[in-house]
Amino acid sequence: MSKKIAIVTGASSGIGAATANVLAQLGYDLILIARRKNKLEQLAISIQQQFANRILTLSLDVRNREEVMQTFENLPNDWQNIHVLINNAGLASGLSTIDKGDLNDWDVMIDTNIKGLLYMSKAVIPFLMQNPFSHIVNIGSIAGKEVYMNGNVYCATKHAVDALSKSMRLELSSYPVKVTAIHPGAVETEFSIVRFHGDKEKAATVYKGFDNLVADDIADAIQYVISRPKHVTINDMVIMPTAQPNSSVIHRTS
Ligand code: NDP
Ligand code: 8X3
């Protein structure tokens with residue numbers, strides 16, 4: 001039997017990349033998923049310079065249901081001992097009222113944040129069920145607990161992640177597969193650059209004048225939740241910058 005395996009979606013950047021590092025440190029072999037293969041390979045090289053873990057990088061678009069299903073139906077035997085799934089791939093695209101909303105932005109958020117997470121979960125849950133006390137960690141958002149101006153569709157997708165996490169916990173409790181949802185506030189990653197369609201200057205203003213969270217803060221929380229004893233499940237965690245008391249208010253010094 002191979003070592004325990006953890007899957008991280010959205011591992012090419014931000015929270016996913018930081019989480020891959022933490023899981024490697026914990027001794028997991030890793031399946032790293034994102035669309036940008038070169039970024040995944042760079043990460044794999046940097047992890048393997050420090051640790052002896054096996055790493056499989058998969059260039060996969062989680063929105064492509066055939067590709068997701070086929071990948072896991074044809075997973076080599078020595079990559080099937082999956083204990084952890086981190087459903088992290090996700091994005092915001094645009095920030096505007098519904099009447100001015102871009103339909104393509106809506107589709108990409110719904111297809112990635114909801115449908116992509118579902119495809120990945122459906123494909124991987126059969127492997128997790130073979131290993132009692134395996135674990136799914138879904139990355140939601142404070143946007144899945146509250147709404148904020150112009151966040152409409154992104155907030156709706158993250159509310160869906162919150163609901164799906166509760167459903168998964170209920171359905172998988174008899175195996176048991178643990179299910180945790182982690183809901184961060186503002187974390188400085190590529191997130192806002194993606195939201196503003198590549199406008200780095202605009203993205204930088206989001207994190208100006210306060211101590212935002214960094215990807216390692218969320219990876220640290222993931223390390224905590226997956227390291228609890230067998231009888232302990234952390235259902236839900238909301239993690240905010242101290243300067244951000246809710247989704248709409250940030251105390252800035254400049
Ligand atoms: P990043 O933009 O830095 O990372 C997003 C990751 O998702 C990238 O690795 C990207 O890889 C991957 N991804 C996006 N679309 C797809 C797709 N269709 N298929 C496969 N992978 C995909 O942002 P974060 O690290 O901040 O975001 C990670 C998660 O955290 C997201 O779900 C986000 O909604 C959530 N979140 C972020 C917060 C923040 O303030 N940053 C706060 C709360 C939650 P690639 O482009 O290579 O495919
Ligand atoms: C990302 C945090 O507040 O920009 O989910 O929606 S927020």
# chains A, B, ... in the order shown; residues from 1 in each chain; ligands from 1
$ residues_near_ligand --ligand "ligand 2" --cutoff "6 Å" --atoms "only C-alpha atoms and all ligand atoms" --output "PyMOL selection string"
chain A and resi 141+143+185-186+247
$ select_by_dssp --residues "range 100-234 of chain A" --states "helix (DSSP H, G or I)" --output "MDAnalysis selection string"
chainID A and resid 100 103:129 142:144 152:172 191:195 200:206 215:226
$ residues_near_ligand --ligand "ligand 1" --cutoff "6 Å" --atoms "only C-alpha atoms and all ligand atoms" --output "PyMOL selection string"
chain A and resi 9-16+34-36+60-63+88-91+112+139-141+183-191
$ closest_residue --among "A:Met240, A:Ala203, A:Ile114, A:Val108" --to "His159 in chain A" --atoms "only C-alpha atoms"
A:Ile114
$ atom_distance --atom1 "CA of Asn21 in chain A" --atom2 "CA of Arg228 in chain A"
18.7 Å
$ atom_distance --atom1 "CA of Asn38 in chain A" --atom2 "CA of Asn81 in chain A"
25.5 Å
$ closest_residue --among "A:Ile250, A:Leu56, A:Leu40, A:Val238" --to "Ala17 in chain A" --atoms "only C-alpha atoms"
A:Leu40
$ residues_around --residues "Ile222 in chain A" --least-positions-apart "6" --cutoff "9 Å" --atoms "only C-alpha atoms" --output "list in words"
Thr19, Val22, Leu23, Ile86, Val137 and Ile182 of chain A
$ write_last_selection --atoms "N, CA and C atoms" --output "PDB file, in the first residue's frame"
ATOM      1  N   THR A  19      -1.085  25.154   0.589  1.00  0.00           N
ATOM      2  CA  THR A  19      -1.611  23.925   1.197  1.00  0.00           C
ATOM      3  C   THR A  19      -0.814  22.703   0.752  1.00  0.00           C
ATOM      4  N   VAL A  22       2.217  22.419   2.894  1.00  0.00           N
ATOM      5  CA  VAL A  22       1.918  21.947   4.246  1.00  0.00           C
ATOM      6  C   VAL A  22       1.635  20.441   4.249  1.00  0.00           C
ATOM      7  N   LEU A  23       0.893  19.980   3.240  1.00  0.00           N
ATOM      8  CA  LEU A  23       0.559  18.554   3.170  1.00  0.00           C
ATOM      9  C   LEU A  23       1.808  17.722   2.902  1.00  0.00           C
ATOM     10  N   ILE A  86      -8.746  18.379  -1.014  1.00  0.00           N
ATOM     11  CA  ILE A  86      -8.914  19.812  -0.745  1.00  0.00           C
ATOM     12  C   ILE A  86      -9.546  20.435  -1.994  1.00  0.00           C
ATOM     13  N   VAL A 137     -11.947  18.826   2.516  1.00  0.00           N
ATOM     14  CA  VAL A 137     -11.937  20.227   2.972  1.00  0.00           C
ATOM     15  C   VAL A 137     -12.370  21.086   1.789  1.00  0.00           C
ATOM     16  N   ILE A 182     -13.925  25.695   5.079  1.00  0.00           N
ATOM     17  CA  ILE A 182     -13.120  26.819   5.584  1.00  0.00           C
ATOM     18  C   ILE A 182     -13.495  28.060   4.784  1.00  0.00           C
TER      19      ILE A 182
END
$ closest_residue --among "A:Ala20, A:Ile136, A:Ile98, A:Met109" --to "Thr233 in chain A" --atoms "only C-alpha atoms"
A:Ile136
$ residues_around --residues "Glu73 in chain A" --least-positions-apart "4" --cutoff "12 Å" --atoms "only C-alpha atoms" --output "PDB file with all heavy atoms, in the first residue's frame"
ATOM      1  N   GLU A  66     -16.225  15.374 -18.223  1.00  0.00           N
ATOM      2  CA  GLU A  66     -15.734  14.109 -18.821  1.00  0.00           C
ATOM      3  C   GLU A  66     -14.285  13.882 -18.404  1.00  0.00           C
ATOM      4  O   GLU A  66     -13.908  12.781 -18.005  1.00  0.00           O
ATOM      5  CB  GLU A  66     -15.807  14.150 -20.364  1.00  0.00           C
ATOM      6  CG  GLU A  66     -17.208  13.947 -20.927  1.00  0.00           C
ATOM      7  CD  GLU A  66     -18.052  15.224 -20.863  1.00  0.00           C
ATOM      8  OE1 GLU A  66     -17.447  16.326 -20.803  1.00  0.00           O
ATOM      9  OE2 GLU A  66     -19.293  15.123 -20.828  1.00  0.00           O
ATOM     10  N   GLU A  67     -13.495  14.961 -18.506  1.00  0.00           N
ATOM     11  CA  GLU A  67     -12.071  14.831 -18.188  1.00  0.00           C
ATOM     12  C   GLU A  67     -11.866  14.476 -16.713  1.00  0.00           C
ATOM     13  O   GLU A  67     -11.035  13.633 -16.365  1.00  0.00           O
ATOM     14  CB  GLU A  67     -11.378  16.158 -18.510  1.00  0.00           C
ATOM     15  CG  GLU A  67     -10.011  16.007 -19.127  1.00  0.00           C
ATOM     16  CD  GLU A  67      -9.314  17.353 -19.274  1.00  0.00           C
ATOM     17  OE1 GLU A  67      -9.999  18.380 -19.510  1.00  0.00           O
ATOM     18  OE2 GLU A  67      -8.092  17.374 -19.113  1.00  0.00           O
ATOM     19  N   VAL A  68     -12.655  15.111 -15.843  1.00  0.00           N
ATOM     20  CA  VAL A  68     -12.525  14.835 -14.404  1.00  0.00           C
ATOM     21  C   VAL A  68     -12.886  13.373 -14.136  1.00  0.00           C
ATOM     22  O   VAL A  68     -12.139  12.637 -13.481  1.00  0.00           O
ATOM     23  CB  VAL A  68     -13.423  15.784 -13.569  1.00  0.00           C
ATOM     24  CG1 VAL A  68     -13.476  15.338 -12.116  1.00  0.00           C
ATOM     25  CG2 VAL A  68     -12.920  17.228 -13.665  1.00  0.00           C
ATOM     26  N   MET A  69     -14.028  12.922 -14.668  1.00  0.00           N
ATOM     27  CA  MET A  69     -14.475  11.544 -14.403  1.00  0.00           C
ATOM     28  C   MET A  69     -13.479  10.530 -14.970  1.00  0.00           C
ATOM     29  O   MET A  69     -13.085   9.583 -14.292  1.00  0.00           O
ATOM     30  CB  MET A  69     -15.871  11.300 -15.001  1.00  0.00           C
ATOM     31  CG  MET A  69     -16.966  12.104 -14.333  1.00  0.00           C
ATOM     32  SD  MET A  69     -16.997  11.885 -12.529  1.00  0.00           S
ATOM     33  CE  MET A  69     -17.868  13.349 -12.028  1.00  0.00           C
ATOM     34  N   ASN A  77      -3.247   2.327  -9.985  1.00  0.00           N
ATOM     35  CA  ASN A  77      -3.449   1.703  -8.669  1.00  0.00           C
ATOM     36  C   ASN A  77      -2.658   2.371  -7.554  1.00  0.00           C
ATOM     37  O   ASN A  77      -3.157   2.548  -6.445  1.00  0.00           O
ATOM     38  CB  ASN A  77      -3.025   0.232  -8.711  1.00  0.00           C
ATOM     39  CG  ASN A  77      -4.144  -0.610  -9.281  1.00  0.00           C
ATOM     40  OD1 ASN A  77      -5.292  -0.160  -9.339  1.00  0.00           O
ATOM     41  ND2 ASN A  77      -3.803  -1.811  -9.730  1.00  0.00           N
ATOM     42  N   TRP A  79      -1.941   5.303  -7.116  1.00  0.00           N
ATOM     43  CA  TRP A  79      -2.392   6.659  -6.752  1.00  0.00           C
ATOM     44  C   TRP A  79      -3.808   6.640  -6.174  1.00  0.00           C
ATOM     45  O   TRP A  79      -4.479   7.663  -6.115  1.00  0.00           O
ATOM     46  CB  TRP A  79      -2.304   7.588  -7.972  1.00  0.00           C
ATOM     47  CG  TRP A  79      -0.889   7.997  -8.247  1.00  0.00           C
ATOM     48  CD1 TRP A  79      -0.052   7.476  -9.181  1.00  0.00           C
ATOM     49  CD2 TRP A  79      -0.128   8.967  -7.521  1.00  0.00           C
ATOM     50  NE1 TRP A  79       1.184   8.073  -9.095  1.00  0.00           N
ATOM     51  CE2 TRP A  79       1.166   8.990  -8.090  1.00  0.00           C
ATOM     52  CE3 TRP A  79      -0.407   9.834  -6.448  1.00  0.00           C
ATOM     53  CZ2 TRP A  79       2.184   9.834  -7.624  1.00  0.00           C
ATOM     54  CZ3 TRP A  79       0.594  10.673  -5.988  1.00  0.00           C
ATOM     55  CH2 TRP A  79       1.872  10.665  -6.568  1.00  0.00           C
ATOM     56  N   GLN A  80      -4.262   5.469  -5.745  1.00  0.00           N
ATOM     57  CA  GLN A  80      -5.672   5.370  -5.314  1.00  0.00           C
ATOM     58  C   GLN A  80      -5.882   5.446  -3.797  1.00  0.00           C
ATOM     59  O   GLN A  80      -7.016   5.483  -3.336  1.00  0.00           O
ATOM     60  CB  GLN A  80      -6.275   4.071  -5.857  1.00  0.00           C
ATOM     61  CG  GLN A  80      -6.356   4.080  -7.376  1.00  0.00           C
ATOM     62  CD  GLN A  80      -7.161   2.948  -7.944  1.00  0.00           C
ATOM     63  OE1 GLN A  80      -7.738   2.153  -7.198  1.00  0.00           O
ATOM     64  NE2 GLN A  80      -7.230   2.854  -9.256  1.00  0.00           N
ATOM     65  N   MET A 120     -15.412  17.057  -8.967  1.00  0.00           N
ATOM     66  CA  MET A 120     -14.246  16.532  -8.248  1.00  0.00           C
ATOM     67  C   MET A 120     -14.704  15.645  -7.093  1.00  0.00           C
ATOM     68  O   MET A 120     -14.144  14.572  -6.853  1.00  0.00           O
ATOM     69  CB  MET A 120     -13.393  17.690  -7.701  1.00  0.00           C
ATOM     70  CG  MET A 120     -12.438  18.316  -8.685  1.00  0.00           C
ATOM     71  SD  MET A 120     -11.226  17.163  -9.377  1.00  0.00           S
ATOM     72  CE  MET A 120     -10.479  16.482  -7.908  1.00  0.00           C
ATOM     73  N   LYS A 122     -17.598  14.021  -6.659  1.00  0.00           N
ATOM     74  CA  LYS A 122     -18.198  12.750  -7.143  1.00  0.00           C
ATOM     75  C   LYS A 122     -17.114  11.769  -7.587  1.00  0.00           C
ATOM     76  O   LYS A 122     -17.202  10.566  -7.315  1.00  0.00           O
ATOM     77  CB  LYS A 122     -19.178  13.034  -8.292  1.00  0.00           C
ATOM     78  CG  LYS A 122     -19.845  11.786  -8.835  1.00  0.00           C
ATOM     79  CD  LYS A 122     -20.965  12.133  -9.802  1.00  0.00           C
ATOM     80  CE  LYS A 122     -21.491  10.915 -10.537  1.00  0.00           C
ATOM     81  NZ  LYS A 122     -21.996   9.846  -9.664  1.00  0.00           N
ATOM     82  N   ALA A 123     -16.080  12.296  -8.256  1.00  0.00           N
ATOM     83  CA  ALA A 123     -15.019  11.426  -8.773  1.00  0.00           C
ATOM     84  C   ALA A 123     -14.155  10.840  -7.651  1.00  0.00           C
ATOM     85  O   ALA A 123     -13.692   9.703  -7.751  1.00  0.00           O
ATOM     86  CB  ALA A 123     -14.145  12.209  -9.756  1.00  0.00           C
ATOM     87  N   VAL A 124     -13.966  11.599  -6.580  1.00  0.00           N
ATOM     88  CA  VAL A 124     -12.973  11.197  -5.555  1.00  0.00           C
ATOM     89  C   VAL A 124     -13.620  10.507  -4.340  1.00  0.00           C
ATOM     90  O   VAL A 124     -12.985   9.682  -3.680  1.00  0.00           O
ATOM     91  CB  VAL A 124     -12.143  12.442  -5.125  1.00  0.00           C
ATOM     92  CG1 VAL A 124     -11.227  12.134  -3.952  1.00  0.00           C
ATOM     93  CG2 VAL A 124     -11.325  12.975  -6.299  1.00  0.00           C
ATOM     94  N   ILE A 125     -14.887  10.808  -4.058  1.00  0.00           N
ATOM     95  CA  ILE A 125     -15.527  10.229  -2.861  1.00  0.00           C
ATOM     96  C   ILE A 125     -15.425   8.693  -2.817  1.00  0.00           C
ATOM     97  O   ILE A 125     -15.145   8.134  -1.744  1.00  0.00           O
ATOM     98  CB  ILE A 125     -16.988  10.742  -2.718  1.00  0.00           C
ATOM     99  CG1 ILE A 125     -16.971  12.168  -2.147  1.00  0.00           C
ATOM    100  CG2 ILE A 125     -17.820   9.821  -1.820  1.00  0.00           C
ATOM    101  CD1 ILE A 125     -18.330  12.874  -2.166  1.00  0.00           C
ATOM    102  N   PRO A 126     -15.592   7.971  -3.937  1.00  0.00           N
ATOM    103  CA  PRO A 126     -15.465   6.498  -3.847  1.00  0.00           C
ATOM    104  C   PRO A 126     -14.111   6.059  -3.283  1.00  0.00           C
ATOM    105  O   PRO A 126     -14.037   5.055  -2.566  1.00  0.00           O
ATOM    106  CB  PRO A 126     -15.634   6.049  -5.306  1.00  0.00           C
ATOM    107  CG  PRO A 126     -16.453   7.133  -5.940  1.00  0.00           C
ATOM    108  CD  PRO A 126     -16.023   8.410  -5.277  1.00  0.00           C
ATOM    109  N   PHE A 127     -13.038   6.785  -3.589  1.00  0.00           N
ATOM    110  CA  PHE A 127     -11.721   6.429  -3.037  1.00  0.00           C
ATOM    111  C   PHE A 127     -11.673   6.752  -1.541  1.00  0.00           C
ATOM    112  O   PHE A 127     -11.140   5.982  -0.741  1.00  0.00           O
ATOM    113  CB  PHE A 127     -10.602   7.190  -3.764  1.00  0.00           C
ATOM    114  CG  PHE A 127     -10.501   6.858  -5.227  1.00  0.00           C
ATOM    115  CD1 PHE A 127     -10.995   7.717  -6.194  1.00  0.00           C
ATOM    116  CD2 PHE A 127      -9.925   5.663  -5.641  1.00  0.00           C
ATOM    117  CE1 PHE A 127     -10.921   7.409  -7.543  1.00  0.00           C
ATOM    118  CE2 PHE A 127      -9.839   5.330  -6.989  1.00  0.00           C
ATOM    119  CZ  PHE A 127     -10.344   6.205  -7.940  1.00  0.00           C
TER     120      PHE A 127
END
$ select_by_dssp --residues "range 29-198 of chain A" --states "strand (DSSP E)" --output "PyMOL selection string"
chain A and resi 29-34+55-59+82-87+134-139+177-184+187-188
$ write_last_selection --atoms "C-alpha atoms" --output "PDB file, in the first residue's frame"
ATOM      1  CA  ASP A  29       1.959  12.011  -1.410  1.00  0.00           C
ATOM      2  CA  LEU A  30       0.264  14.637  -3.550  1.00  0.00           C
ATOM      3  CA  ILE A  31      -1.999  14.877  -6.565  1.00  0.00           C
ATOM      4  CA  LEU A  32      -1.842  18.528  -7.623  1.00  0.00           C
ATOM      5  CA  ILE A  33      -4.511  19.828  -9.983  1.00  0.00           C
ATOM      6  CA  ALA A  34      -4.924  23.086 -11.930  1.00  0.00           C
ATOM      7  CA  ILE A  55       3.830  14.056  -6.626  1.00  0.00           C
ATOM      8  CA  LEU A  56       1.469  13.643  -9.570  1.00  0.00           C
ATOM      9  CA  THR A  57       0.664  16.880 -11.396  1.00  0.00           C
ATOM     10  CA  LEU A  58      -2.539  16.864 -13.434  1.00  0.00           C
ATOM     11  CA  SER A  59      -3.380  19.669 -15.806  1.00  0.00           C
ATOM     12  CA  ILE A  82      -6.615   8.893  -1.271  1.00  0.00           C
ATOM     13  CA  HIS A  83      -7.244  10.206   2.259  1.00  0.00           C
ATOM     14  CA  VAL A  84      -7.668  13.939   1.718  1.00  0.00           C
ATOM     15  CA  LEU A  85      -9.412  16.055  -0.924  1.00  0.00           C
ATOM     16  CA  ILE A  86      -8.914  19.812  -0.745  1.00  0.00           C
ATOM     17  CA  ASN A  87     -11.565  21.371  -3.002  1.00  0.00           C
ATOM     18  CA  SER A 134     -10.573  10.367   5.324  1.00  0.00           C
ATOM     19  CA  HIS A 135     -11.349  14.039   4.870  1.00  0.00           C
ATOM     20  CA  ILE A 136     -12.811  16.568   2.416  1.00  0.00           C
ATOM     21  CA  VAL A 137     -11.937  20.227   2.972  1.00  0.00           C
ATOM     22  CA  ASN A 138     -14.001  22.637   0.895  1.00  0.00           C
ATOM     23  CA  ILE A 139     -12.731  26.195   0.552  1.00  0.00           C
ATOM     24  CA  VAL A 177     -15.530  10.732   5.732  1.00  0.00           C
ATOM     25  CA  LYS A 178     -14.957  13.974   7.634  1.00  0.00           C
ATOM     26  CA  VAL A 179     -16.061  17.184   5.916  1.00  0.00           C
ATOM     27  CA  THR A 180     -14.800  20.644   6.819  1.00  0.00           C
ATOM     28  CA  ALA A 181     -15.601  23.969   5.196  1.00  0.00           C
ATOM     29  CA  ILE A 182     -13.120  26.819   5.584  1.00  0.00           C
ATOM     30  CA  HIS A 183     -14.356  30.340   4.879  1.00  0.00           C
ATOM     31  CA  PRO A 184     -11.653  32.999   4.585  1.00  0.00           C
ATOM     32  CA  VAL A 187      -6.385  36.719   1.391  1.00  0.00           C
ATOM     33  CA  GLU A 188      -3.818  38.303  -0.911  1.00  0.00           C
TER      34      GLU A 188
END
$ closest_residue --among "A:Ala18, A:Ile47, A:Met149, A:Ile5" --to "Ala215 in chain A" --atoms "only C-alpha atoms"
A:Ala18
$ closest_residue --among "A:Lys37, A:Lys3, A:His197, A:Lys166" --to "Leu95 in chain A" --atoms "only C-alpha atoms"
A:His197
$ residues_around --residues "Thr242 in chain A" --least-positions-apart "5" --cutoff "10 Å" --atoms "only C-alpha atoms" --output "list in words"
Gly185, Phe210, Asp211, Asn212, Leu213, Ile250 and His251 of chain A
$ write_last_selection --atoms "C-alpha atoms" --output "PDB file, in the first residue's frame"
ATOM      1  CA  GLY A 185     -11.995  36.764   4.349  1.00  0.00           C
ATOM      2  CA  PHE A 210      -4.510  46.790   6.266  1.00  0.00           C
ATOM      3  CA  ASP A 211      -2.971  43.466   7.205  1.00  0.00           C
ATOM      4  CA  ASN A 212      -4.730  41.019   4.891  1.00  0.00           C
ATOM      5  CA  LEU A 213      -4.543  37.279   5.343  1.00  0.00           C
ATOM      6  CA  ILE A 250     -12.247  46.763   6.227  1.00  0.00           C
ATOM      7  CA  HIS A 251     -10.453  49.181   8.580  1.00  0.00           C
TER       8      HIS A 251
END
$ closest_residue --among "A:Ser96, A:Asn246, A:Ser174, A:Ser227" --to "Gly27 in chain A" --atoms "only C-alpha atoms"
A:Ser227
$ atom_distance --atom1 "CA of Val153 in chain A" --atom2 "CA of Ile193 in chain A"
17.6 Å
